[in-house]
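A.B. asks: My questions will all concern the structure given below.
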Amino acid sequence: MSAAPETPEAPPDALAALGVSTPAALEQQLTRFATDVGELYRRQKERSELLEEALGQMRTTYLETVRSMAYVVEAKDAYTGQHLERCRVYGNALMQALGVAAEYPDAEYGFLLHDVGKVGVPERILNKPGPLTAAEWRVMRTHPIIGYQILQGIPFMTTAASIVRCHHEMWDGNGYPEGLKHDQIPLPARVFQVVDAFDAMTTDRPYRASLGVERAAEEIARMAGTQFDPEVCRMFASLVDDLPQRV
Amino acid sequence: MSPPVGSGGLGADRKRVVLVVDDDEAIRRVVRTVLEADNFEVVEAADGPAALLLLDAIMGRGPDAVVLDIMMPGIDGIEVCRRIDHDKMKVIMLSARDDGDTREAAAKAGADVYLTKPFSAIELLDALEKLAS
């Protein structure tokens, strides 16, 4: 960078000879610093943009990694399709509507990974055509805890782990594994229960056709207060018509 | 102002110390403000003799760098630079003069960096950063 213009032959100012800055020199210095400030501001902005970009890439990478993990489980289970992705999209929309999305940034990982614990359940039980025996049910019902144990050590997965652990609890305490009720069930898990049930009801299955959005929404409303958190159900009812039908 | 930290094995955490030598009080204050904003500890001297006395007095625990004006009464900056132990500290000349002869004299006297007034705070801090690494 070049210095500010100066008169090369200028004799040392009387003030300068006394070791005192001239007003002109001070003004030049001030101008120089003003340039510095502008330059620093620009650099700072550039750096922020780069960081923002890197953060975005990291988020994408996390999400893709979690998706891959979730798909591994899904592939083992007979019930496939785009269920996971729809649960994620619906769940995010509902979290947003409830105003708690920012509070639980890793909730979507939990929506995707809710059944990750099924890796610990034998395939013959998972895909058994007929009804499960009592013993088989006991094994099946361990999957939330297995999933929780898989995720619990990951620092950015605390909400996700709680969703995995509690996605089969019910509002009235009749769920498993712990029979938690009401606020004992983490809010993101209560959100997941609603969107998971909604998606199950609006998807064609080998043994029955989709109920359709309207009837599914009615079913959800009917189960408010027993299976589901009534507050979450109310919010869900207000946004159900805006949900993307195909994800 | 806290005293320079001795050789207590605190090397990495020790605050970097810079001696600012300028007969212009306003410049000293401005340089101090810039350096302290980046967490340097600043020591001032108002002329060449004072700077050399200070460097003698704090032997072995001297500053990491000296920011040195050139045109000063008595012993000028070039001469001060010549007498500095360049193994122990870096020297940044900071002068209103911007002619080849002065730059050359400064380089010969062992100056590591030559900046002109009005100076850029960014360039000064960048230079100190680079010299430290």
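Ligands are numbered from 1 in the order shown, residues from 1 within each chain, and chains are lettered A, B, ... in the order they appear in the structure tokens.
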Write out as an NGL selection string every residue belonging to chain A that has an atom at most 6 Å from any atom of chain B, counting only C-alpha atoms.

C.D. replies: :A and (19-20 or 29)

A.B. asks: Write the residues you've just listed into a file as a short mmCIF file (atom, residue, chain, number, x, y, z; two decimals), in the first residue's frame, and include N, CA and C atoms for each of them.

C.D. replies:
```cif
data_model
loop_
_atom_site.label_atom_id
_atom_site.label_comp_id
_atom_site.auth_asym_id
_atom_site.auth_seq_id
_atom_site.Cartn_x
_atom_site.Cartn_y
_atom_site.Cartn_z
N GLY A 19 8.71 17.53 18.01
CA GLY A 19 8.12 16.25 18.37
C GLY A 19 6.63 16.34 18.59
N VAL A 20 5.97 17.24 17.86
CA VAL A 20 4.52 17.38 18.00
C VAL A 20 3.89 17.20 16.61
N GLN A 29 -3.33 10.78 9.33
CA GLN A 29 -3.33 9.53 10.10
C GLN A 29 -4.76 9.05 10.34
#
```

A.B. asks: I need the helix (DSSP H, G or I) residues of chain B per DSSP on the backbone, written as a short mmCIF file (atom, residue, chain, number, x, y, z; two decimals) with all heavy atoms, in the first residue's frame.

C.D. replies:
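So states_27.cif came out as:
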```
data_model
loop_
_atom_site.label_atom_id
_atom_site.label_comp_id
_atom_site.auth_asym_id
_atom_site.auth_seq_id
_atom_site.Cartn_x
_atom_site.Cartn_y
_atom_site.Cartn_z
N GLY B 11 6.36 -19.06 28.45
CA GLY B 11 6.62 -18.62 27.08
C GLY B 11 5.41 -18.38 26.20
O GLY B 11 5.19 -17.26 25.74
N ALA B 12 4.60 -19.42 26.00
CA ALA B 12 3.52 -19.33 25.02
C ALA B 12 2.44 -18.33 25.45
O ALA B 12 1.86 -17.65 24.63
CB ALA B 12 2.92 -20.70 24.80
N ASP B 13 2.19 -18.25 26.76
CA ASP B 13 1.10 -17.41 27.23
C ASP B 13 1.53 -15.97 27.49
O ASP B 13 0.70 -15.11 27.71
CB ASP B 13 0.52 -18.00 28.52
CG ASP B 13 -0.03 -19.39 28.27
OD1 ASP B 13 -0.54 -19.63 27.16
OD2 ASP B 13 0.07 -20.24 29.17
N GLU B 25 4.35 12.53 20.86
CA GLU B 25 3.52 11.87 21.87
C GLU B 25 2.22 11.32 21.27
O GLU B 25 1.76 10.23 21.65
CB GLU B 25 3.20 12.85 23.01
CG GLU B 25 2.71 12.13 24.25
CD GLU B 25 1.91 13.03 25.18
OE1 GLU B 25 2.11 14.26 25.13
OE2 GLU B 25 1.06 12.50 25.91
N ALA B 26 1.66 12.08 20.32
CA ALA B 26 0.39 11.65 19.72
C ALA B 26 0.58 10.32 18.98
O ALA B 26 -0.25 9.42 19.07
CB ALA B 26 -0.11 12.72 18.76
N ILE B 27 1.70 10.21 18.26
CA ILE B 27 1.98 8.96 17.54
C ILE B 27 2.16 7.81 18.52
O ILE B 27 1.63 6.71 18.32
CB ILE B 27 3.25 9.11 16.66
CG1 ILE B 27 3.00 10.09 15.52
CG2 ILE B 27 3.69 7.76 16.11
CD1 ILE B 27 2.03 9.58 14.46
N ARG B 28 2.89 8.07 19.60
CA ARG B 28 3.11 7.01 20.60
C ARG B 28 1.77 6.51 21.14
O ARG B 28 1.54 5.31 21.27
CB ARG B 28 3.97 7.51 21.77
CG ARG B 28 5.42 7.73 21.44
CD ARG B 28 6.29 7.71 22.70
NE ARG B 28 5.85 8.63 23.74
CZ ARG B 28 6.23 9.91 23.84
NH1 ARG B 28 7.05 10.42 22.93
NH2 ARG B 28 5.79 10.66 24.83
N ARG B 29 0.88 7.48 21.40
CA ARG B 29 -0.41 7.10 21.97
C ARG B 29 -1.24 6.30 20.97
O ARG B 29 -1.89 5.31 21.31
CB ARG B 29 -1.16 8.35 22.40
CG ARG B 29 -2.28 8.05 23.38
CD ARG B 29 -2.71 9.30 24.08
NE ARG B 29 -2.56 10.44 23.17
CZ ARG B 29 -2.54 11.71 23.55
NH1 ARG B 29 -2.65 12.03 24.79
NH2 ARG B 29 -2.42 12.68 22.68
N VAL B 30 -1.18 6.73 19.72
CA VAL B 30 -1.94 6.05 18.68
C VAL B 30 -1.41 4.63 18.46
O VAL B 30 -2.17 3.66 18.40
CB VAL B 30 -1.90 6.87 17.36
CG1 VAL B 30 -2.24 5.99 16.18
CG2 VAL B 30 -2.86 8.04 17.45
N VAL B 31 -0.10 4.49 18.39
CA VAL B 31 0.50 3.16 18.21
C VAL B 31 0.16 2.28 19.41
O VAL B 31 -0.22 1.11 19.26
CB VAL B 31 2.03 3.26 18.03
CG1 VAL B 31 2.66 1.86 18.03
CG2 VAL B 31 2.38 3.99 16.74
N ARG B 32 0.26 2.86 20.61
CA ARG B 32 -0.08 2.09 21.81
C ARG B 32 -1.52 1.57 21.74
O ARG B 32 -1.79 0.40 22.02
CB ARG B 32 0.08 2.98 23.06
CG ARG B 32 -0.50 2.35 24.32
CD ARG B 32 -0.53 3.33 25.48
NE ARG B 32 0.81 3.51 26.07
CZ ARG B 32 1.35 2.66 26.95
NH1 ARG B 32 0.68 1.58 27.31
NH2 ARG B 32 2.53 2.89 27.45
N THR B 33 -2.42 2.46 21.33
CA THR B 33 -3.84 2.07 21.27
C THR B 33 -4.05 0.91 20.30
O THR B 33 -4.75 -0.06 20.60
CB THR B 33 -4.70 3.27 20.83
OG1 THR B 33 -4.41 4.38 21.68
CG2 THR B 33 -6.17 2.94 20.90
N VAL B 34 -3.41 1.02 19.14
CA VAL B 34 -3.54 -0.04 18.13
C VAL B 34 -3.00 -1.36 18.67
O VAL B 34 -3.66 -2.41 18.59
CB VAL B 34 -2.78 0.35 16.84
CG1 VAL B 34 -2.65 -0.85 15.92
CG2 VAL B 34 -3.49 1.50 16.13
N LEU B 35 -1.81 -1.31 19.28
CA LEU B 35 -1.17 -2.54 19.74
C LEU B 35 -1.91 -3.16 20.92
O LEU B 35 -2.09 -4.38 20.99
CB LEU B 35 0.29 -2.28 20.11
CG LEU B 35 1.20 -1.83 18.95
CD1 LEU B 35 2.64 -1.68 19.43
CD2 LEU B 35 1.13 -2.82 17.79
N GLU B 36 -2.35 -2.31 21.84
CA GLU B 36 -3.05 -2.85 23.00
C GLU B 36 -4.38 -3.47 22.61
O GLU B 36 -4.84 -4.42 23.24
CB GLU B 36 -3.25 -1.75 24.06
CG GLU B 36 -1.95 -1.44 24.80
CD GLU B 36 -2.10 -0.37 25.87
OE1 GLU B 36 -3.14 0.33 25.89
OE2 GLU B 36 -1.17 -0.23 26.67
N ALA B 37 -4.96 -2.95 21.54
CA ALA B 37 -6.22 -3.54 21.05
C ALA B 37 -5.99 -4.97 20.60
O ALA B 37 -6.90 -5.80 20.63
CB ALA B 37 -6.80 -2.70 19.92
N GLY B 48 15.80 8.55 21.28
CA GLY B 48 16.79 7.50 21.12
C GLY B 48 17.50 7.13 22.41
O GLY B 48 17.52 5.94 22.79
N PRO B 49 18.07 8.10 23.12
CA PRO B 49 18.79 7.77 24.35
C PRO B 49 17.90 7.04 25.36
O PRO B 49 18.33 6.07 25.98
CB PRO B 49 19.22 9.15 24.88
CG PRO B 49 19.28 10.01 23.66
CD PRO B 49 18.21 9.52 22.74
N ALA B 50 16.66 7.53 25.49
CA ALA B 50 15.74 6.89 26.44
C ALA B 50 15.49 5.44 26.03
O ALA B 50 15.45 4.54 26.87
CB ALA B 50 14.42 7.66 26.50
N ALA B 51 15.34 5.21 24.73
CA ALA B 51 15.10 3.86 24.24
C ALA B 51 16.28 2.94 24.57
O ALA B 51 16.11 1.82 25.06
CB ALA B 51 14.85 3.88 22.74
N LEU B 52 17.51 3.44 24.30
CA LEU B 52 18.69 2.61 24.53
C LEU B 52 18.89 2.33 26.02
O LEU B 52 19.25 1.21 26.41
CB LEU B 52 19.94 3.29 23.93
CG LEU B 52 19.92 3.35 22.40
CD1 LEU B 52 21.07 4.21 21.87
CD2 LEU B 52 20.00 1.93 21.82
N LEU B 53 18.63 3.35 26.84
CA LEU B 53 18.73 3.16 28.29
C LEU B 53 17.76 2.07 28.75
O LEU B 53 18.11 1.19 29.52
CB LEU B 53 18.38 4.47 29.02
CG LEU B 53 19.54 5.40 29.34
CD1 LEU B 53 19.02 6.70 29.96
CD2 LEU B 53 20.50 4.69 30.32
N LEU B 54 16.54 2.18 28.23
CA LEU B 54 15.49 1.22 28.60
C LEU B 54 15.90 -0.20 28.20
O LEU B 54 15.77 -1.15 28.97
CB LEU B 54 14.19 1.63 27.91
CG LEU B 54 12.90 1.09 28.48
CD1 LEU B 54 12.72 1.57 29.92
CD2 LEU B 54 11.72 1.57 27.64
N LEU B 55 16.41 -0.32 26.96
CA LEU B 55 16.81 -1.65 26.47
C LEU B 55 17.95 -2.21 27.31
O LEU B 55 17.99 -3.42 27.59
CB LEU B 55 17.21 -1.58 24.99
CG LEU B 55 16.04 -1.38 24.03
CD1 LEU B 55 16.54 -1.15 22.61
CD2 LEU B 55 15.09 -2.57 24.07
N ASP B 56 18.90 -1.33 27.74
CA ASP B 56 19.98 -1.77 28.60
C ASP B 56 19.45 -2.23 29.95
O ASP B 56 19.86 -3.26 30.49
CB ASP B 56 20.99 -0.63 28.83
CG ASP B 56 21.97 -0.53 27.66
OD1 ASP B 56 22.00 -1.49 26.87
OD2 ASP B 56 22.66 0.50 27.54
N ALA B 57 18.52 -1.43 30.46
CA ALA B 57 18.02 -1.69 31.81
C ALA B 57 17.26 -3.00 31.91
O ALA B 57 17.27 -3.65 32.95
CB ALA B 57 17.13 -0.54 32.26
N GLY B 77 16.64 7.35 14.78
CA GLY B 77 16.15 5.97 14.76
C GLY B 77 17.10 5.00 14.09
O GLY B 77 17.21 3.84 14.50
N ILE B 78 17.77 5.46 13.04
CA ILE B 78 18.72 4.58 12.34
C ILE B 78 19.83 4.13 13.29
O ILE B 78 20.18 2.95 13.35
CB ILE B 78 19.34 5.31 11.11
CG1 ILE B 78 18.24 5.74 10.13
CG2 ILE B 78 20.39 4.44 10.44
CD1 ILE B 78 17.62 4.62 9.34
N GLU B 79 20.32 5.09 14.06
CA GLU B 79 21.41 4.78 14.99
C GLU B 79 20.93 3.84 16.10
O GLU B 79 21.63 2.89 16.48
CB GLU B 79 21.96 6.10 15.57
CG GLU B 79 23.17 5.95 16.48
CD GLU B 79 24.34 5.20 15.83
OE1 GLU B 79 24.48 5.28 14.59
OE2 GLU B 79 25.09 4.51 16.56
N VAL B 80 19.72 4.13 16.61
CA VAL B 80 19.16 3.25 17.64
C VAL B 80 19.05 1.82 17.09
O VAL B 80 19.43 0.85 17.74
CB VAL B 80 17.76 3.74 18.10
CG1 VAL B 80 17.11 2.73 19.05
CG2 VAL B 80 17.87 5.11 18.75
N CYS B 81 18.57 1.75 15.87
CA CYS B 81 18.37 0.44 15.23
C CYS B 81 19.70 -0.31 15.15
O CYS B 81 19.78 -1.51 15.41
CB CYS B 81 17.77 0.63 13.84
SG CYS B 81 17.40 -0.91 13.02
N ARG B 82 20.74 0.43 14.79
CA ARG B 82 22.06 -0.18 14.64
C ARG B 82 22.54 -0.79 15.96
O ARG B 82 23.22 -1.81 15.98
CB ARG B 82 23.04 0.89 14.14
CG ARG B 82 24.31 0.36 13.53
CD ARG B 82 25.12 1.47 12.87
NE ARG B 82 24.50 1.98 11.65
CZ ARG B 82 24.33 3.28 11.36
NH1 ARG B 82 24.72 4.22 12.21
NH2 ARG B 82 23.77 3.65 10.22
N ARG B 83 22.17 -0.15 17.06
CA ARG B 83 22.69 -0.60 18.36
C ARG B 83 21.82 -1.67 19.03
O ARG B 83 22.15 -2.16 20.11
CB ARG B 83 22.79 0.60 19.32
CG ARG B 83 23.74 1.65 18.82
CD ARG B 83 24.09 2.58 19.96
NE ARG B 83 24.57 3.86 19.47
CZ ARG B 83 24.79 4.91 20.25
NH1 ARG B 83 24.57 4.82 21.54
NH2 ARG B 83 25.23 6.05 19.74
N GLY B 100 14.35 6.36 -0.90
CA GLY B 100 15.18 5.16 -1.05
C GLY B 100 16.38 5.15 -0.11
O GLY B 100 16.69 4.11 0.47
N ASP B 101 17.03 6.30 0.03
CA ASP B 101 18.22 6.36 0.87
C ASP B 101 17.92 5.97 2.31
O ASP B 101 18.65 5.18 2.93
CB ASP B 101 18.81 7.78 0.86
CG ASP B 101 19.49 8.08 -0.48
OD1 ASP B 101 19.62 7.13 -1.29
OD2 ASP B 101 19.86 9.25 -0.70
N THR B 102 16.81 6.53 2.82
CA THR B 102 16.45 6.25 4.21
C THR B 102 16.08 4.78 4.38
O THR B 102 16.49 4.12 5.34
CB THR B 102 15.27 7.14 4.65
OG1 THR B 102 15.57 8.50 4.29
CG2 THR B 102 15.05 7.05 6.14
N ARG B 103 15.31 4.28 3.43
CA ARG B 103 14.94 2.86 3.48
C ARG B 103 16.18 1.97 3.50
O ARG B 103 16.25 0.99 4.25
CB ARG B 103 14.06 2.49 2.28
CG ARG B 103 12.61 2.90 2.45
CD ARG B 103 11.82 2.62 1.19
NE ARG B 103 10.41 2.96 1.35
CZ ARG B 103 9.48 2.12 1.78
NH1 ARG B 103 9.80 0.88 2.09
NH2 ARG B 103 8.23 2.52 1.91
N GLU B 104 17.15 2.34 2.65
CA GLU B 104 18.36 1.55 2.55
C GLU B 104 19.16 1.61 3.85
O GLU B 104 19.65 0.59 4.35
CB GLU B 104 19.21 2.08 1.38
CG GLU B 104 20.15 1.04 0.81
CD GLU B 104 21.08 1.65 -0.25
OE1 GLU B 104 20.56 2.37 -1.13
OE2 GLU B 104 22.29 1.44 -0.15
N ALA B 105 19.23 2.84 4.39
CA ALA B 105 19.96 3.01 5.66
C ALA B 105 19.32 2.17 6.76
O ALA B 105 20.02 1.54 7.56
CB ALA B 105 19.98 4.48 6.05
N ALA B 106 17.99 2.16 6.76
CA ALA B 106 17.27 1.39 7.78
C ALA B 106 17.55 -0.10 7.62
O ALA B 106 17.82 -0.81 8.60
CB ALA B 106 15.77 1.66 7.67
N ALA B 107 17.50 -0.56 6.36
CA ALA B 107 17.76 -1.98 6.11
C ALA B 107 19.18 -2.35 6.55
O ALA B 107 19.40 -3.39 7.17
CB ALA B 107 17.56 -2.28 4.62
N LYS B 108 20.14 -1.47 6.23
CA LYS B 108 21.54 -1.72 6.62
C LYS B 108 21.71 -1.77 8.12
O LYS B 108 22.52 -2.53 8.65
CB LYS B 108 22.43 -0.60 6.05
CG LYS B 108 23.23 -1.06 4.83
CD LYS B 108 24.28 -0.04 4.51
CE LYS B 108 24.69 -0.13 3.05
NZ LYS B 108 25.10 1.17 2.51
N ALA B 121 -2.82 0.65 10.55
CA ALA B 121 -2.86 -0.22 11.73
C ALA B 121 -2.80 -1.68 11.31
O ALA B 121 -2.17 -2.52 11.96
CB ALA B 121 -4.13 0.06 12.53
N ILE B 122 -3.45 -1.97 10.19
CA ILE B 122 -3.46 -3.36 9.70
C ILE B 122 -2.05 -3.80 9.32
O ILE B 122 -1.60 -4.88 9.69
CB ILE B 122 -4.38 -3.49 8.47
CG1 ILE B 122 -5.81 -3.12 8.85
CG2 ILE B 122 -4.32 -4.90 7.90
CD1 ILE B 122 -6.76 -3.08 7.66
N GLU B 123 -1.35 -2.91 8.59
CA GLU B 123 0.01 -3.27 8.17
C GLU B 123 0.94 -3.46 9.37
O GLU B 123 1.77 -4.36 9.39
CB GLU B 123 0.57 -2.21 7.22
CG GLU B 123 -0.01 -2.30 5.81
CD GLU B 123 0.44 -1.15 4.92
OE1 GLU B 123 1.39 -0.44 5.29
OE2 GLU B 123 -0.18 -0.98 3.86
N LEU B 124 0.76 -2.60 10.37
CA LEU B 124 1.61 -2.70 11.55
C LEU B 124 1.36 -4.02 12.27
O LEU B 124 2.29 -4.76 12.61
CB LEU B 124 1.34 -1.52 12.50
CG LEU B 124 2.10 -1.55 13.82
CD1 LEU B 124 3.61 -1.52 13.59
CD2 LEU B 124 1.69 -0.38 14.72
N LEU B 125 0.09 -4.35 12.48
CA LEU B 125 -0.24 -5.59 13.19
C LEU B 125 0.14 -6.82 12.37
O LEU B 125 0.64 -7.80 12.91
CB LEU B 125 -1.73 -5.61 13.54
CG LEU B 125 -2.17 -4.57 14.58
CD1 LEU B 125 -3.67 -4.53 14.73
CD2 LEU B 125 -1.50 -4.83 15.92
N ASP B 126 -0.09 -6.73 11.06
CA ASP B 126 0.31 -7.85 10.19
C ASP B 126 1.81 -8.08 10.26
O ASP B 126 2.28 -9.21 10.32
CB ASP B 126 -0.10 -7.55 8.73
CG ASP B 126 -1.56 -7.88 8.46
OD1 ASP B 126 -2.20 -8.48 9.34
OD2 ASP B 126 -2.07 -7.54 7.36
N ALA B 127 2.57 -6.96 10.26
CA ALA B 127 4.03 -7.07 10.28
C ALA B 127 4.48 -7.74 11.58
O ALA B 127 5.32 -8.64 11.57
CB ALA B 127 4.66 -5.69 10.15
N LEU B 128 3.89 -7.32 12.71
CA LEU B 128 4.26 -7.91 14.00
C LEU B 128 3.92 -9.40 14.03
O LEU B 128 4.68 -10.22 14.55
CB LEU B 128 3.54 -7.18 15.14
CG LEU B 128 4.14 -5.82 15.50
CD1 LEU B 128 3.19 -5.01 16.36
CD2 LEU B 128 5.48 -6.02 16.22
N GLU B 129 2.77 -9.72 13.46
CA GLU B 129 2.33 -11.11 13.42
C GLU B 129 3.32 -11.96 12.63
O GLU B 129 3.72 -13.04 13.03
CB GLU B 129 0.95 -11.16 12.75
CG GLU B 129 0.11 -12.34 13.11
CD GLU B 129 -0.25 -12.37 14.59
OE1 GLU B 129 -0.69 -11.33 15.11
OE2 GLU B 129 -0.06 -13.43 15.21
N LYS B 130 3.72 -11.43 11.48
CA LYS B 130 4.62 -12.14 10.59
C LYS B 130 5.99 -12.30 11.23
O LYS B 130 6.61 -13.37 11.14
CB LYS B 130 4.74 -11.36 9.26
CG LYS B 130 4.76 -12.27 8.04
CD LYS B 130 4.69 -11.45 6.78
CE LYS B 130 5.87 -11.75 5.88
NZ LYS B 130 5.99 -10.78 4.77
N LEU B 131 6.46 -11.24 11.86
CA LEU B 131 7.78 -11.30 12.49
C LEU B 131 7.80 -12.30 13.64
O LEU B 131 8.83 -12.90 13.92
CB LEU B 131 8.16 -9.91 13.01
CG LEU B 131 8.48 -8.87 11.93
CD1 LEU B 131 8.74 -7.52 12.57
CD2 LEU B 131 9.68 -9.31 11.10
N ALA B 132 6.68 -12.49 14.29
CA ALA B 132 6.63 -13.38 15.44
C ALA B 132 6.67 -14.84 15.01
O ALA B 132 7.05 -15.72 15.78
CB ALA B 132 5.37 -13.12 16.25
#
```

A.B. asks: Would you mind reading off the distance between CA of Asp241 (chain A) and CA of Ala217 (chain A), one decimal, in Å?

C.D. replies: 9.3 Å

A.B. asks: Do you have the CA of Val164 (chain A)-CA of His114 (chain A) distance handy?

C.D. replies: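 Between CA of Val164 (chain A) and CA of His114 (chain A) the gap works out to 4.4 Å.
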
A.B. asks: Can you tell me how far CA of Arg208 (chain A) sits from CA of His83 (chain A), in Å to one decimal?

C.D. replies: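 Pair CA of Arg208 (chain A) / CA of His83 (chain A) returns 15.9 Å.
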
A.B. asks: What are the DSSP strand (DSSP E or B) residues of region 23-125 of chain B, as number ranges by chain?

C.D. replies: B: 41-45, 65-68, 90-95, 113-116

A.B. asks: Considering only C-alpha atoms, can you say which of B:Ile58, B:Met89, B:Leu68, B:Val17 comes closest to Phe40 (chain B)?

C.D. replies: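 Smallest distance to Phe40 (chain B) is found for B:Val17.
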